[in-house]
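Engineer: Encoded as structure tokens, here's the structure I'll be asking about.
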Amino acid sequence: MENKYEVVKALLKEQLLSSTIKPGEKLPSIRAASELWACSKNTAIRAYQELEKEHLIYSVPKSGYYAVVRPVLGKQAATEWIDFSSASPDADVMPYKDFQHCLNRAIELYEDHLFTYSDPQGFFTLRRALEKHLAHSQIFASPSQICVVSGAQQALHLLASMPFPNGKGAVLVEQPTFQGMLRSLDLMGVTTLGIERTMDGIDLDELERHFRNNHIKFFYTVPRFHNPLGACYTAEQKMRIAKLAEKYDVYIVEDDYLADMDTDDKADPIYSYDQAGKVIYVKSFSKIMLPGLRLASVVLPTSLMETFRLFKASSDSSTSALSQAALELYLNCGMYDHHASLVRERYRLRMQQLADCSERLLPQKMDFRIGNGGIFARMSIPDEIDLHDLITALHLQQVRVTSTEQNYLRTFRRNYGLRISIIQTDFAKIERGIQIVANTVSGLLEQQKKSRLQVIDWI
Ligand SMILES: Cc1ncc(COP(=O)(O)O)c(C=O)c1O
């Protein structure tokens, strides 16, 4: 390091990162700093300015410089737990720095436009960027058909509440399905029917019966890397769903929340088979990027756009302009595609590890089929075991899993199991976690066998 300010900066940085200077603490004044490090005041100012640019400190006029309060990531605790339950992206793969750059650039470029009310449908320039982006997934839509929303969850909530041109009222969902959608439907008192989904798909004759007889406004489906099953529809199934929607005037809400995690570029969405304007395509940016930005896009048939826009405007006026402008830059400069390819590969390898460990370690009585990507897999447990006992026993060994109970309608016949998510894990944790699941299930089965024998003895 040739420059004195770089030396001062490095010393201070070390103290900030090690919390020797605590978050929120005031740094020495410029005069004190110049005395402390035997440098000129200009050198001290330059070092502080550089640290401010790195967002490690901030200045308060007429007061001085303070250490930024950084989020406590809980690394220590996280390494002890094996978390198979979380659906939020791994903090280690989040593109904080790149996105921070886009946020700063967005403010420079758009200035005050970002801090006033904006179009409820979303920034036009972002919608133009989305037009290009969506075309990679065979979604050909003009900016006028695209709406930017505050997360896919908002789109689902609005769609569940608004009237549709087919004048029908009930919603059909896969069973199991994404709990966020079930919660919205429940809160709004929408009549909701279920159709069983397995790793092989759904019974298309049953789907047709529902469409024909049950006054269905829309069918909500997660065709790709289903939550919680991890399953994907085949091209033939997607084509038939689109055809049935056209035949019976039923809309399809296609939730493609993991679109960019697919390594198969031939896996086109249902939207691409739709000839009749019956498919509403919802794409979240949460799983690839930063869920806290609350960003997703919806492609709507023209007949639905005006109502959707009205409901969206009444819900939150518009999605955060700052997030939108930064996403536009992130997409346009190629950072998104680059980041998506890294995340896709990382999660694909984790899913492979999950499949491999499950094959090797789980007892025969546990049924699982692990998809070729995505983030979730469902595992059934032997009938003799109580699911809640298993979850508690795993929790005591610092393994978090979720039951698929939350993914079912109360009225639907239940087939609960475990939902395993790889998003917050790594290779070693998957191996260790699955070994613990295997041992715990075997232990509980053994206990059951013993207690049954005791009953027989007694009789
Ligand atoms: C299937 C599915 N759809 C939608 C969402 C919500 O996405 P967003 O964060 O964009 O609201 C999730 C979140 O886990 C999900 O699993």
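Going by the structure tokens order, chains are called A, B, ..., each with residues numbered from 1, while ligands are numbered from 1 in the order shown.
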Return as a PyMOL selection string every polymer residue, whether protein, DNA or RNA, with at least one atom no more than 6 Å from an atom of ligand 1; count only C-alpha atoms and all ligand atoms.
Structural biologist: chain A and resi 87+151-153+178+227+255+257+284-286+291+296
Engineer: What would the file look like if the residues just selected were written as a PDB file, in the first residue's frame with N, CA and C atoms?
Structural biologist:
ATOM      1  N   ALA A  87     -37.399 -21.597   2.857  1.00  0.00           N
ATOM      2  CA  ALA A  87     -37.570 -21.412   1.407  1.00  0.00           C
ATOM      3  C   ALA A  87     -36.935 -20.093   0.955  1.00  0.00           C
ATOM      4  N   GLY A 151     -43.951  -8.915  -5.449  1.00  0.00           N
ATOM      5  CA  GLY A 151     -43.839 -10.342  -5.134  1.00  0.00           C
ATOM      6  C   GLY A 151     -44.966 -11.139  -5.767  1.00  0.00           C
ATOM      7  N   ALA A 152     -44.675 -12.415  -6.064  1.00  0.00           N
ATOM      8  CA  ALA A 152     -45.701 -13.287  -6.650  1.00  0.00           C
ATOM      9  C   ALA A 152     -46.887 -13.414  -5.708  1.00  0.00           C
ATOM     10  N   GLN A 153     -46.595 -13.359  -4.409  1.00  0.00           N
ATOM     11  CA  GLN A 153     -47.665 -13.495  -3.423  1.00  0.00           C
ATOM     12  C   GLN A 153     -48.745 -12.414  -3.637  1.00  0.00           C
ATOM     13  N   PHE A 178     -48.802 -24.626  -2.810  1.00  0.00           N
ATOM     14  CA  PHE A 178     -48.105 -23.552  -2.092  1.00  0.00           C
ATOM     15  C   PHE A 178     -49.020 -22.962  -1.007  1.00  0.00           C
ATOM     16  N   ASN A 227     -43.966 -26.700  -5.360  1.00  0.00           N
ATOM     17  CA  ASN A 227     -43.789 -26.552  -3.911  1.00  0.00           C
ATOM     18  C   ASN A 227     -45.010 -27.188  -3.256  1.00  0.00           C
ATOM     19  N   ASP A 255     -47.925 -20.390 -11.845  1.00  0.00           N
ATOM     20  CA  ASP A 255     -46.932 -19.816 -10.929  1.00  0.00           C
ATOM     21  C   ASP A 255     -45.576 -20.449 -11.247  1.00  0.00           C
ATOM     22  N   TYR A 257     -42.442 -19.884 -10.186  1.00  0.00           N
ATOM     23  CA  TYR A 257     -41.561 -19.215  -9.226  1.00  0.00           C
ATOM     24  C   TYR A 257     -40.106 -19.652  -9.348  1.00  0.00           C
ATOM     25  N   SER A 284     -41.806 -14.925 -10.171  1.00  0.00           N
ATOM     26  CA  SER A 284     -41.203 -14.250  -9.019  1.00  0.00           C
ATOM     27  C   SER A 284     -39.706 -14.055  -9.261  1.00  0.00           C
ATOM     28  N   PHE A 285     -39.133 -13.004  -8.651  1.00  0.00           N
ATOM     29  CA  PHE A 285     -37.679 -12.849  -8.689  1.00  0.00           C
ATOM     30  C   PHE A 285     -37.062 -13.161  -7.329  1.00  0.00           C
ATOM     31  N   SER A 286     -37.882 -13.715  -6.430  1.00  0.00           N
ATOM     32  CA  SER A 286     -37.416 -13.919  -5.052  1.00  0.00           C
ATOM     33  C   SER A 286     -36.387 -15.020  -4.902  1.00  0.00           C
ATOM     34  N   PRO A 291     -35.401 -11.822  -1.903  1.00  0.00           N
ATOM     35  CA  PRO A 291     -36.849 -11.797  -1.688  1.00  0.00           C
ATOM     36  C   PRO A 291     -37.339 -10.499  -1.055  1.00  0.00           C
ATOM     37  N   ALA A 296     -41.922  -9.216  -8.654  1.00  0.00           N
ATOM     38  CA  ALA A 296     -42.348 -10.305  -9.536  1.00  0.00           C
ATOM     39  C   ALA A 296     -43.046  -9.672 -10.728  1.00  0.00           C
TER      40      ALA A 296
END
Engineer: Assign secondary structure with DSSP using the backbone only, and return the residues of segment 60-271 of chain A in alpha helix (DSSP H) as a PyMOL selection string.
Structural biologist: chain A and resi 75-80+96-110+124-135+152-161+179-187+204-213+235-248
Engineer: Using only C-alpha atoms, which protein or nucleic acid residues come within 10 Å of Val173 of chain A? Drop anything in the same chain fewer than 5 positions from it, and give the result as number ranges by chain.
Structural biologist: A: 178, 181-182, 192-197, 218-222, 253, 408-409
Engineer: Can you pull out the residues contacting His101 of chain A? Cut-off 10 Å, using only C-alpha atoms, and skip same-chain residues under 6 positions away; I want them as a list of chain:residue names.
Structural biologist: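 Surrounding residues, per the criterion: A:Ala326, A:Leu329, A:Tyr330.
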Engineer: Which one of A:Thr302, A:Gln406, A:Asn332, A:Ser34 sits closest to Ser144 of chain A if you count only C-alpha atoms?
Structural biologist: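 For Ser144 of chain A, the nearest of the candidates is A:Thr302.
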Engineer: Env of segment 262-269 of chain A: 12 Å cut, atoms = only C-alpha atoms, seq-sep filter 3 positions within chain, self excluded. Answer as an NGL selection string.
Structural biologist: :A and (134-140 or 221-225 or 230-239 or 241-242 or 252-259 or 272-274 or 279-283 or 288 or 340-349 or 371-375)
Engineer: Using only C-alpha atoms, pick whichever of A:Glu108, A:Asp426, A:Asp200, A:Glu446 has the shortest atom-to-atom distance to Asp92 of chain A.
Structural biologist: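 Among A:Glu108, A:Asp426, A:Asp200, A:Glu446, it is A:Asp426 that comes nearest to Asp92 of chain A.
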Engineer: List as an MDAnalysis selection string the protein and nucleic acid residues near segment 5-16 of chain A, meaning an atom at most 10 Å away when only C-alpha atoms are counted, but skip any in the same chain fewer than 3 places from it.
Structural biologist: chainID A and resid 1:2 19:23 25 27 33:34 36:40 42:51 54 56:57 67:68
Engineer: Compare A:Leu445, A:Met162, A:Leu17, A:Ile30 by their minimum atom-to-atom distance to Lys312 of chain A, counting only C-alpha atoms, and give me the closest one.
Structural biologist: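 For Lys312 of chain A, the nearest of the candidates is A:Met162.
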